[in-house]
file my_file05.cif (mmCIF, C-alpha atoms)
data_data
loop_
_atom_site.label_atom_id
_atom_site.label_comp_id
_atom_site.auth_asym_id
_atom_site.auth_seq_id
_atom_site.Cartn_x
_atom_site.Cartn_y
_atom_site.Cartn_z
CA MET T 1 -16.19 3.80 10.56
CA ALA T 2 -16.77 3.24 6.86
CA SER T 3 -14.64 0.68 5.07
CA PHE T 4 -14.11 -0.81 1.63
CA GLY T 5 -13.58 -4.50 1.09
CA GLY T 6 -12.79 -5.00 4.79
CA PHE T 7 -10.17 -2.22 4.90
CA ALA T 8 -10.37 1.30 6.26
CA THR T 9 -10.20 4.04 3.64
CA GLY T 10 -7.23 6.39 3.33
CA ALA T 11 -8.94 9.30 5.05
CA GLU T 12 -9.90 7.12 8.01
CA ARG T 13 -6.60 5.47 8.81
CA GLY T 14 -3.86 8.08 8.69
CA ASN T 15 -0.81 6.01 7.80
CA VAL T 16 -2.23 2.50 8.17
CA PRO T 17 -5.71 1.13 8.89
CA SER T 18 -6.75 0.59 12.47
CA ASN T 19 -9.95 -1.39 11.94
CA ASP T 20 -10.35 -4.88 13.34
CA SER T 21 -9.64 -6.67 10.05
CA THR T 22 -5.96 -5.77 10.29
CA SER T 23 -5.56 -7.81 13.47
CA ASP T 24 -6.36 -10.96 11.49
CA LEU T 25 -3.33 -10.52 9.20
CA ASP T 26 -0.57 -12.31 11.06
CA VAL T 27 2.64 -10.87 9.58
CA ILE T 28 5.32 -13.56 9.22
CA GLU T 29 7.83 -11.77 6.95
CA ALA T 30 8.91 -8.17 6.42
CA ARG T 31 12.23 -8.04 4.60
CA CYS T 32 14.19 -7.41 1.45
CA ASP T 33 13.26 -10.08 -1.10
CA TRP T 34 15.41 -9.36 -4.17
CA ILE T 35 18.58 -7.45 -5.05
CA THR T 36 20.21 -7.03 -8.45
CA ALA T 37 23.65 -5.52 -7.92
CA THR T 38 26.30 -4.66 -10.49
CA GLY T 39 29.95 -3.77 -10.33
CA LYS T 40 31.97 -1.84 -12.91
CA LYS T 41 35.23 -3.24 -14.25
CA THR T 42 36.87 -0.03 -13.08
CA GLY T 43 35.11 -0.28 -9.73
CA GLN T 44 33.75 -3.11 -7.58
CA ALA T 45 33.32 -5.81 -10.26
CA ALA T 46 35.94 -8.24 -8.91
CA ASN T 47 34.89 -7.86 -5.25
CA LEU T 48 31.22 -8.31 -6.07
CA PHE T 49 31.88 -11.35 -8.25
CA ASP T 50 34.09 -13.06 -5.64
CA PHE T 51 31.54 -12.57 -2.86
CA ALA T 52 28.56 -13.71 -4.94
CA HIS T 53 30.48 -16.72 -6.23
CA SER T 54 31.25 -17.80 -2.67
CA GLN T 55 27.52 -17.60 -1.87
CA LEU T 56 26.77 -19.58 -5.02
CA ASP T 57 29.15 -22.32 -3.85
CA ALA T 58 27.45 -22.38 -0.46
CA GLU T 59 24.04 -22.78 -2.11
CA THR T 60 25.30 -25.66 -4.24
CA ASN T 61 26.90 -27.40 -1.26
CA ALA T 62 23.62 -27.06 0.66
CA GLY T 63 21.64 -28.85 -2.05
CA GLY T 64 21.06 -26.25 -4.76
CA LYS T 65 21.35 -27.25 -8.40
CA LEU T 66 24.16 -25.50 -10.28
CA GLU T 67 23.09 -24.33 -13.74
CA SER T 68 24.42 -21.98 -16.40
CA TRP T 69 22.79 -18.56 -16.45
CA HIS T 70 22.63 -15.68 -18.94
CA PHE T 71 21.05 -12.27 -18.42
CA GLN T 72 21.26 -9.05 -20.46
CA GLY T 73 24.79 -9.61 -21.70
CA TYR T 74 26.07 -11.31 -18.55
CA SER T 75 27.00 -14.99 -18.44
CA GLY T 76 27.54 -17.09 -15.36
CA PHE T 77 25.82 -19.55 -13.05
CA GLN T 78 22.85 -19.86 -10.73
CA SER T 79 22.10 -22.06 -7.76
CA GLY T 80 19.34 -21.74 -5.22
CA ASN T 81 18.75 -18.07 -4.45
CA TRP T 82 21.96 -16.79 -6.05
CA ARG T 83 22.96 -15.81 -9.60
CA VAL T 84 26.35 -14.44 -10.58
CA GLY T 85 27.78 -13.45 -13.94
CA TRP T 86 30.38 -11.46 -15.82
CA GLY T 87 29.91 -9.25 -18.87
CA ARG T 88 31.45 -6.50 -20.92
CA GLU T 89 30.72 -3.85 -18.27
CA GLY T 90 31.72 -5.91 -15.25
CA SER T 91 29.92 -8.26 -12.87
CA ILE T 92 26.37 -8.86 -11.71
CA ALA T 93 25.01 -10.58 -8.62
CA ILE T 94 21.38 -11.38 -7.87
CA ALA T 95 20.15 -12.57 -4.49
CA SER T 96 16.53 -13.55 -3.87
CA GLN T 97 14.25 -14.41 -0.97
CA GLU T 98 15.87 -14.47 2.47
CA GLN T 99 19.35 -14.48 0.94
CA ALA T 100 18.70 -10.95 -0.31
CA ALA T 101 17.88 -9.81 3.22
CA ILE T 102 20.92 -11.55 4.73
CA ALA T 103 23.39 -10.18 2.19
CA ALA T 104 21.83 -6.73 1.61
CA ARG T 105 24.47 -4.71 3.47
CA THR T 106 27.39 -6.63 1.95
CA LEU T 107 25.98 -6.32 -1.57
CA ALA T 108 25.56 -2.59 -1.05
CA ASP T 109 29.18 -2.25 0.08
CA LEU T 110 30.62 -4.42 -2.71
CA SER T 111 28.67 -3.02 -5.68
CA ASP T 112 28.54 0.17 -7.68
CA HIS T 113 24.81 0.07 -8.45
CA PHE T 114 21.52 -1.53 -7.50
CA SER T 115 19.37 -1.87 -10.61
CA ARG T 116 16.59 -3.50 -8.61
CA ILE T 117 15.59 -4.12 -5.01
CA ASP T 118 12.32 -5.61 -3.73
CA TYR T 119 10.75 -5.36 -0.29
CA CYS T 120 8.00 -7.72 0.80
CA VAL T 121 5.48 -8.25 3.56
CA THR T 122 3.88 -11.68 3.98
CA GLY T 123 0.90 -12.25 6.22
CA ILE T 124 -1.64 -14.94 7.07
CA SER T 125 -5.32 -14.13 7.52
CA ASN T 126 -7.84 -16.25 9.42
CA LEU T 127 -10.75 -14.53 7.68
CA PRO T 128 -12.21 -16.92 5.04
CA ASN T 129 -13.13 -14.07 2.68
CA PHE T 130 -9.94 -12.02 3.08
CA ASN T 131 -8.75 -11.28 -0.46
CA PRO T 132 -6.69 -8.12 -1.03
CA VAL T 133 -6.39 -8.86 -4.76
CA SER T 134 -10.12 -8.54 -5.39
CA ASP T 135 -10.44 -5.71 -2.85
CA PHE T 136 -7.65 -3.68 -4.47
CA TRP T 137 -9.01 -4.32 -7.95
CA ARG T 138 -12.49 -3.16 -6.99
CA ARG T 139 -11.07 -0.12 -5.25
CA ILE T 140 -9.08 0.93 -8.33
CA LYS T 141 -11.96 0.28 -10.73
CA LEU T 142 -14.62 2.04 -8.65
CA ASP T 143 -12.62 5.12 -7.63
CA PRO T 144 -14.18 8.04 -9.57
CA GLU T 145 -11.44 10.41 -8.43
CA ARG T 146 -8.50 8.27 -9.57
CA PRO T 147 -6.36 10.37 -11.95
CA LYS T 148 -6.27 9.29 -15.58
CA ASN T 149 -2.46 9.21 -15.50
CA ALA T 150 -2.36 6.98 -12.40
CA PRO T 151 -0.47 3.67 -12.76
CA GLU T 152 -2.38 0.98 -14.61
CA ALA T 153 -3.71 -1.94 -12.58
CA THR T 154 -3.77 -5.54 -13.83
CA ILE T 155 -5.27 -8.66 -12.29
CA ILE T 156 -4.53 -12.27 -13.20
CA LEU T 157 -6.74 -15.17 -12.10
CA LYS T 158 -5.65 -18.78 -12.52
CA SER T 159 -8.11 -21.59 -13.18
CA ARG T 160 -6.50 -23.89 -10.61
CA GLY T 161 -6.47 -21.23 -7.92
CA GLY T 162 -4.36 -18.24 -7.10
CA GLU T 163 -4.63 -14.61 -8.10
CA THR T 164 -2.25 -11.68 -8.55
CA PHE T 165 -2.72 -7.91 -8.58
CA TYR T 166 -0.16 -5.71 -10.36
CA LEU T 167 0.05 -1.95 -10.21
CA GLY T 168 2.28 0.03 -12.55
CA GLU T 169 4.64 -0.81 -15.40
CA ARG T 170 7.39 -3.37 -14.88
CA THR T 171 9.98 -0.88 -16.15
CA ALA T 172 8.83 1.91 -13.81
CA ALA T 173 10.73 2.96 -10.69
CA TYR T 174 7.91 1.60 -8.52
CA TYR T 175 6.02 -1.60 -9.29
CA THR T 176 3.63 -3.29 -6.88
CA ARG T 177 2.48 -6.92 -6.67
CA VAL T 178 -0.02 -8.59 -4.36
CA TYR T 179 -0.68 -12.30 -4.68
CA ASN T 180 -1.86 -15.47 -3.03
CA LYS T 181 1.35 -16.90 -1.60
CA HIS T 182 -0.24 -20.24 -0.72
CA PHE T 183 -0.94 -21.02 -4.38
CA GLU T 184 2.23 -19.37 -5.70
CA SER T 185 4.38 -21.51 -3.38
CA ASP T 186 2.51 -24.70 -4.34
CA GLY T 187 1.31 -25.14 -0.77
CA GLU T 188 4.62 -24.40 0.96
CA TYR T 189 2.92 -21.46 2.70
CA PRO T 190 -0.37 -22.25 4.47
CA PRO T 191 -3.82 -21.29 3.11
CA GLY T 192 -4.71 -17.66 3.72
CA THR T 193 -1.15 -16.41 3.12
CA TRP T 194 -0.77 -13.23 1.05
CA ARG T 195 2.37 -11.52 -0.22
CA PHE T 196 2.68 -7.76 -0.78
CA GLU T 197 5.75 -6.69 -2.77
CA VAL T 198 7.19 -3.40 -3.95
CA GLU T 199 9.82 -3.59 -6.70
CA LEU T 200 12.13 -0.57 -6.90
CA LYS T 201 14.30 0.33 -9.89
CA ARG T 202 16.15 3.30 -11.39
CA HIS T 203 16.40 6.24 -8.98
CA ALA T 204 14.40 4.38 -6.32
CA SER T 205 16.80 1.39 -6.23
CA GLU T 206 19.85 3.66 -6.31
CA PHE T 207 18.47 5.56 -3.32
CA GLU T 208 18.08 2.29 -1.41
CA HIS T 209 21.64 1.32 -2.41
CA THR T 210 22.94 4.48 -0.77
CA ARG T 211 20.81 4.01 2.34
CA LEU T 212 21.85 0.39 2.80
CA LYS T 213 25.47 1.44 3.02
CA GLU T 214 24.52 3.36 6.15
CA ARG T 215 22.24 0.83 7.84
CA LEU T 216 19.96 -2.13 7.26
CA PRO T 217 16.21 -1.45 7.38
CA THR T 218 14.40 -2.94 10.34
CA GLU T 219 11.32 -5.11 9.90
CA GLN T 220 9.19 -2.13 10.94
CA ASP T 221 10.97 -0.06 8.28
CA VAL T 222 9.95 -2.62 5.66
CA LEU T 223 6.35 -2.64 6.91
CA GLY T 224 6.39 1.12 6.46
CA LYS T 225 8.05 1.04 3.02
CA VAL T 226 5.50 -1.35 1.55
CA ALA T 227 2.57 0.35 3.31
CA THR T 228 3.71 3.77 2.09
CA GLU T 229 3.72 2.65 -1.54
CA LEU T 230 0.25 1.09 -1.22
CA ILE T 231 -1.09 4.22 0.44
CA ARG T 232 0.54 6.45 -2.18
CA GLN T 233 -1.57 4.63 -4.76
CA GLY T 234 -4.74 4.97 -2.69
CA LEU T 235 -4.67 1.40 -1.36
CA PRO T 236 -4.79 0.55 2.35
CA ALA T 237 -2.13 -1.63 3.96
CA PRO T 238 -3.80 -4.50 5.89
CA TRP T 239 -1.41 -4.43 8.83
CA LYS T 240 -0.57 -2.10 11.68
CA SER T 241 2.60 -0.06 11.62
CA ASP T 242 3.80 -1.75 14.81
CA ALA T 243 2.65 -5.25 13.86
CA PRO T 244 4.82 -8.01 15.40
CA ILE T 245 6.62 -10.33 12.98
CA HIS T 246 5.87 -13.99 13.75
CA ARG T 247 8.92 -15.53 12.05
CA ALA T 248 8.25 -18.94 13.58
CA ARG T 249 5.33 -19.32 11.18
CA THR T 250 7.54 -18.85 8.10
CA PRO T 251 8.02 -22.16 6.25
CA VAL T 252 11.50 -23.66 6.33
CA ARG T 253 13.27 -23.01 3.06
CA LYS T 254 13.68 -26.00 0.74
CA HIS T 255 16.76 -26.42 -1.45
CA THR T 256 16.53 -27.98 -4.90
CA ALA T 257 17.59 -31.38 -3.57
CA ASP T 258 14.80 -31.30 -0.98
CA LYS T 259 12.22 -30.38 -3.64
CA VAL T 260 13.42 -33.24 -5.84
CA LEU T 261 13.05 -35.66 -2.93
CA THR T 262 9.51 -34.42 -2.34
CA TRP T 263 8.72 -34.94 -6.02
CA LEU T 264 10.17 -38.45 -5.89
CA GLU T 265 8.00 -39.29 -2.90
CA ARG T 266 4.80 -37.93 -4.47
CA ALA T 267 5.18 -38.72 -8.17
CA VAL T 268 7.72 -41.53 -8.53
CA SER T 269 7.29 -43.66 -5.42
CA PRO T 270 3.89 -45.13 -6.47
CA SER T 271 5.36 -46.21 -9.83
CA ILE T 272 8.34 -47.81 -8.12
CA GLU T 273 6.06 -49.74 -5.78
CA PHE T 274 4.04 -51.00 -8.75
CA ALA T 275 7.15 -52.03 -10.73
CA SER T 276 8.65 -53.75 -7.67
CA ALA T 277 5.51 -55.81 -7.16
CA ALA T 278 5.34 -56.72 -10.86
CA ARG T 279 9.02 -57.31 -11.67
CA GLY T 280 10.86 -57.40 -8.37
CA ARG T 281 12.96 -54.99 -6.36
CA LYS T 282 16.23 -56.05 -8.00
CA ARG T 283 14.96 -55.19 -11.48
CA VAL T 284 13.77 -51.76 -10.27
CA ILE T 285 17.20 -51.00 -8.76
CA GLN T 286 18.81 -51.96 -12.07
CA ALA T 287 16.43 -49.67 -13.98
CA LEU T 288 17.22 -46.76 -11.66
CA LYS T 289 20.96 -47.45 -12.02
CA LEU T 290 21.44 -47.44 -8.26
#

call {"tool": "encode", "arguments": {"input": "my_file05.cif", "output": "structure tokens"}}
result
Amino acid sequence: MASFGGFATGAERGNVPSNDSTSDLDVIEARCDWITATGKKTGQAANLFDFAHSQLDAETNAGGKLESWHFQGYSGFQSGNWRVGWGREGSIAIASQEQAAIAARTLADLSDHFSRIDYCVTGISNLPNFNPVSDFWRRIKLDPERPKNAPEATIILKSRGGETFYLGERTAAYYTRVYNKHFESDGEYPPGTWRFEVELKRHASEFEHTRLKERLPTEQDVLGKVATELIRQGLPAPWKSDAPIHRARTPVRKHTADKVLTWLERAVSPSIEFASAARGRKRVIQALKL
């Protein structure tokens, strides 16, 4: 079987690749990752706002930092993985990461529109040279049969590590991202972790809004959604359609307070130890106003 960059080609795999490299991608997440929902003043605005505000309070109570937030004419607050606001047209609620997956059905029921919804698949590879960003980039660049009007591909490489592959325009109905989740998460996810995301807007997000009112997508549905969009663009999905989801390998979510504590331990603690040795513990406590 011929392959490109460690993946089977579209003609070889049917819906998803079946070569051995896919077995090394240990899928740990397959879920909704972002929802932007809006409610009209003459429709669901009040219900959407009340629900999102209650989730915002829960985030704050759990250790999220409450901050003011403004977005495209809406004004409100954000904390953790929730944003909520009110504007001339009505209300807006944004849920991200696992909160989007948990609240997807409720947001669909309590909103008039979805202006954006993202689905993601996260997997860990044990192969040292596994790199879908470079593989996808090479595949796009070297494909002599790729139509001239096909979505534009972009790749970003960072000097300190980490790389991202984008396909399409951010304003388009379908926008794809693939990136090194280990570097993007600042080490929260283990080395070899890659994230595949499909961002849906316009008619695509409205279609998902309607479908979510009927039922929540299963994890296998999400695997299929993301794989389908990759395959539609001539890119292979590096997982099997029936791949198990190893949720136990997903890092525990950290709230803002937990991240601040980690920063204090890494960046501030050495300075405190030095100051305590030089000027005494009592003087350090006074300086910290504790």

call {"tool": "closest_atom_pairs", "arguments": {"input": "my_file05.cif", "of": "segment 34-59 of chain T", "to": "segment 68-78 of chain T", "cutoff": "12 Å", "atoms": "all atoms listed in the file", "output": "JSON lines"}}
result
{"residue": "T:Thr36", "atom": "CA", "partner": "T:Phe71", "partner_atom": "CA", "distance": 11.3}
{"residue": "T:Thr38", "atom": "CA", "partner": "T:Tyr74", "partner_atom": "CA", "distance": 10.5}
{"residue": "T:Gly39", "atom": "CA", "partner": "T:Tyr74", "partner_atom": "CA", "distance": 11.8}
{"residue": "T:Phe49", "atom": "CA", "partner": "T:Gly76", "partner_atom": "CA", "distance": 10.1}
{"residue": "T:Ala52", "atom": "CA", "partner": "T:Gln78", "partner_atom": "CA", "distance": 10.2}
{"residue": "T:His53", "atom": "CA", "partner": "T:Phe77", "partner_atom": "CA", "distance": 8.7}
{"residue": "T:Ser54", "atom": "CA", "partner": "T:Gln78", "partner_atom": "CA", "distance": 11.8}
{"residue": "T:Gln55", "atom": "CA", "partner": "T:Gln78", "partner_atom": "CA", "distance": 10.3}
{"residue": "T:Leu56", "atom": "CA", "partner": "T:Gln78", "partner_atom": "CA", "distance": 6.9}
{"residue": "T:Asp57", "atom": "CA", "partner": "T:Gln78", "partner_atom": "CA", "distance": 9.6}
{"residue": "T:Ala58", "atom": "CA", "partner": "T:Gln78", "partner_atom": "CA", "distance": 11.5}
{"residue": "T:Glu59", "atom": "CA", "partner": "T:Gln78", "partner_atom": "CA", "distance": 9.2}

call {"tool": "resolve_selection", "arguments": {"input": "my_file05.cif", "expression": "the PyMOL selection byres ((chain T and resi 212) around 12)", "output": "PyMOL selection string"}}
result
chain T and resi 32+35+101+103-111+113-114+117+205-211+213-218

call {"tool": "write_last_selection", "arguments": {"input": "my_file05.cif", "atoms": "C-alpha atoms", "output": "short mmCIF file (atom, residue, chain, number, x, y, z; two decimals), keeping the file's coordinate frame"}}
result
data_model
loop_
_atom_site.label_atom_id
_atom_site.label_comp_id
_atom_site.auth_asym_id
_atom_site.auth_seq_id
_atom_site.Cartn_x
_atom_site.Cartn_y
_atom_site.Cartn_z
CA CYS T 32 14.19 -7.41 1.45
CA ILE T 35 18.58 -7.45 -5.05
CA ALA T 101 17.88 -9.81 3.22
CA ALA T 103 23.39 -10.18 2.19
CA ALA T 104 21.83 -6.73 1.61
CA ARG T 105 24.47 -4.71 3.47
CA THR T 106 27.39 -6.63 1.95
CA LEU T 107 25.98 -6.32 -1.57
CA ALA T 108 25.56 -2.59 -1.05
CA ASP T 109 29.18 -2.25 0.08
CA LEU T 110 30.62 -4.42 -2.71
CA SER T 111 28.67 -3.02 -5.68
CA HIS T 113 24.81 0.07 -8.45
CA PHE T 114 21.52 -1.53 -7.50
CA ILE T 117 15.59 -4.12 -5.01
CA SER T 205 16.80 1.39 -6.23
CA GLU T 206 19.85 3.66 -6.31
CA PHE T 207 18.47 5.56 -3.32
CA GLU T 208 18.08 2.29 -1.41
CA HIS T 209 21.64 1.32 -2.41
CA THR T 210 22.94 4.48 -0.77
CA ARG T 211 20.81 4.01 2.34
CA LYS T 213 25.47 1.44 3.02
CA GLU T 214 24.52 3.36 6.15
CA ARG T 215 22.24 0.83 7.84
CA LEU T 216 19.96 -2.13 7.26
CA PRO T 217 16.21 -1.45 7.38
CA THR T 218 14.40 -2.94 10.34
#

call {"tool": "resolve_selection", "arguments": {"input": "my_file05.cif", "expression": "the PyMOL selection byres ((chain T and resi 88) around 10)", "output": "list in words"}}
result
Lys40, Lys41, Gly73, Tyr74, Ser75, Trp86, Gly87, Glu89, Gly90 and Ser91 of chain T

call {"tool": "residues_around", "arguments": {"input": "my_file05.cif", "residues": "Val284 of chain T", "least_positions_apart": "6", "cutoff": "8 Å", "atoms": "all atoms listed in the file", "output": "PyMOL selection string"}}
result
chain T and resi 272+275-276

call {"tool": "atom_distance", "arguments": {"input": "my_file05.cif", "atom1": "atom CA of Ser159 of chain T", "atom2": "atom CA of Tyr179 of chain T"}}
result
14.6 Å

call {"tool": "residues_near_point", "arguments": {"input": "my_file05.cif", "point": "(13.1, -49.1, -8.3)", "cutoff": "9 Å", "atoms": "all atoms listed in the file", "output": "list in words"}}
result
Ser269, Ser271, Ile272, Glu273, Ala275, Ser276, Gly280, Arg281, Lys282, Arg283, Val284, Ile285, Gln286, Ala287, Leu288, Lys289 and Leu290 of chain T

call {"tool": "closest_residue", "arguments": {"input": "my_file05.cif", "among": "T:Ile231, T:Ile28, T:Ala267, T:Ile156", "to": "Val121 of chain T", "atoms": "only C-alpha atoms"}}
result
T:Ile28

call {"tool": "atom_distance", "arguments": {"input": "my_file05.cif", "atom1": "atom CA of Asp33 of chain T", "atom2": "atom CA of Glu98 of chain T"}}
result
6.2 Å

call {"tool": "atom_distance", "arguments": {"input": "my_file05.cif", "atom1": "atom CA of Phe136 of chain T", "atom2": "atom CA of Phe165 of chain T"}}
result
7.7 Å

call {"tool": "resolve_selection", "arguments": {"input": "my_file05.cif", "expression": "the PyMOL selection byres ((chain T and resi 163) around 12)", "output": "VMD selection string"}}
result
chain T and resid 131 to 137 154 to 162 164 to 166 177 to 184 193 to 195

call {"tool": "residues_around", "arguments": {"input": "my_file05.cif", "residues": "Gly168 of chain T", "least_positions_apart": "3", "cutoff": "12 Å", "atoms": "all atoms listed in the file", "output": "ChimeraX atom specification"}}
result
/T:149-155,165,171-177,198-200,229-230,233

call {"tool": "write_last_selection", "arguments": {"input": "my_file05.cif", "atoms": "C-alpha atoms", "output": "tab-separated table (two decimals), in the coordinates of the input"}}
result
chain	number	residue	atom	x	y	z
T	149	ASN	CA	-2.46	9.21	-15.50
T	150	ALA	CA	-2.36	6.98	-12.40
T	151	PRO	CA	-0.47	3.67	-12.76
T	152	GLU	CA	-2.38	0.98	-14.61
T	153	ALA	CA	-3.71	-1.94	-12.58
T	154	THR	CA	-3.77	-5.54	-13.83
T	155	ILE	CA	-5.27	-8.66	-12.29
T	165	PHE	CA	-2.72	-7.91	-8.58
T	171	THR	CA	9.98	-0.88	-16.15
T	172	ALA	CA	8.83	1.91	-13.81
T	173	ALA	CA	10.73	2.96	-10.69
T	174	TYR	CA	7.91	1.60	-8.52
T	175	TYR	CA	6.02	-1.60	-9.29
T	176	THR	CA	3.63	-3.29	-6.88
T	177	ARG	CA	2.48	-6.92	-6.67
T	198	VAL	CA	7.19	-3.40	-3.95
T	199	GLU	CA	9.82	-3.59	-6.70
T	200	LEU	CA	12.13	-0.57	-6.90
T	229	GLU	CA	3.72	2.65	-1.54
T	230	LEU	CA	0.25	1.09	-1.22
T	233	GLN	CA	-1.57	4.63	-4.76

call {"tool": "axis_aligned_box", "arguments": {"input": "my_file05.cif", "around": "segment 179-191 of chain T", "padding_each_side": "3 Å", "output": "JSON"}}
result
{"center_x": 0.4, "center_y": -18.7, "center_z": -0.6, "size_x": 14.4, "size_y": 18.8, "size_z": 16.2}

call {"tool": "closest_residue", "arguments": {"input": "my_file05.cif", "among": "T:Leu25, T:Ala277, T:Leu142, T:Ala248", "to": "Gly234 of chain T", "atoms": "all atoms listed in the file"}}
result
T:Leu142

call {"tool": "closest_residue", "arguments": {"input": "my_file05.cif", "among": "T:Ala204, T:Ile94, T:Ile140, T:Ala62", "to": "Trp34 of chain T", "atoms": "all atoms listed in the file"}}
result
T:Ile94
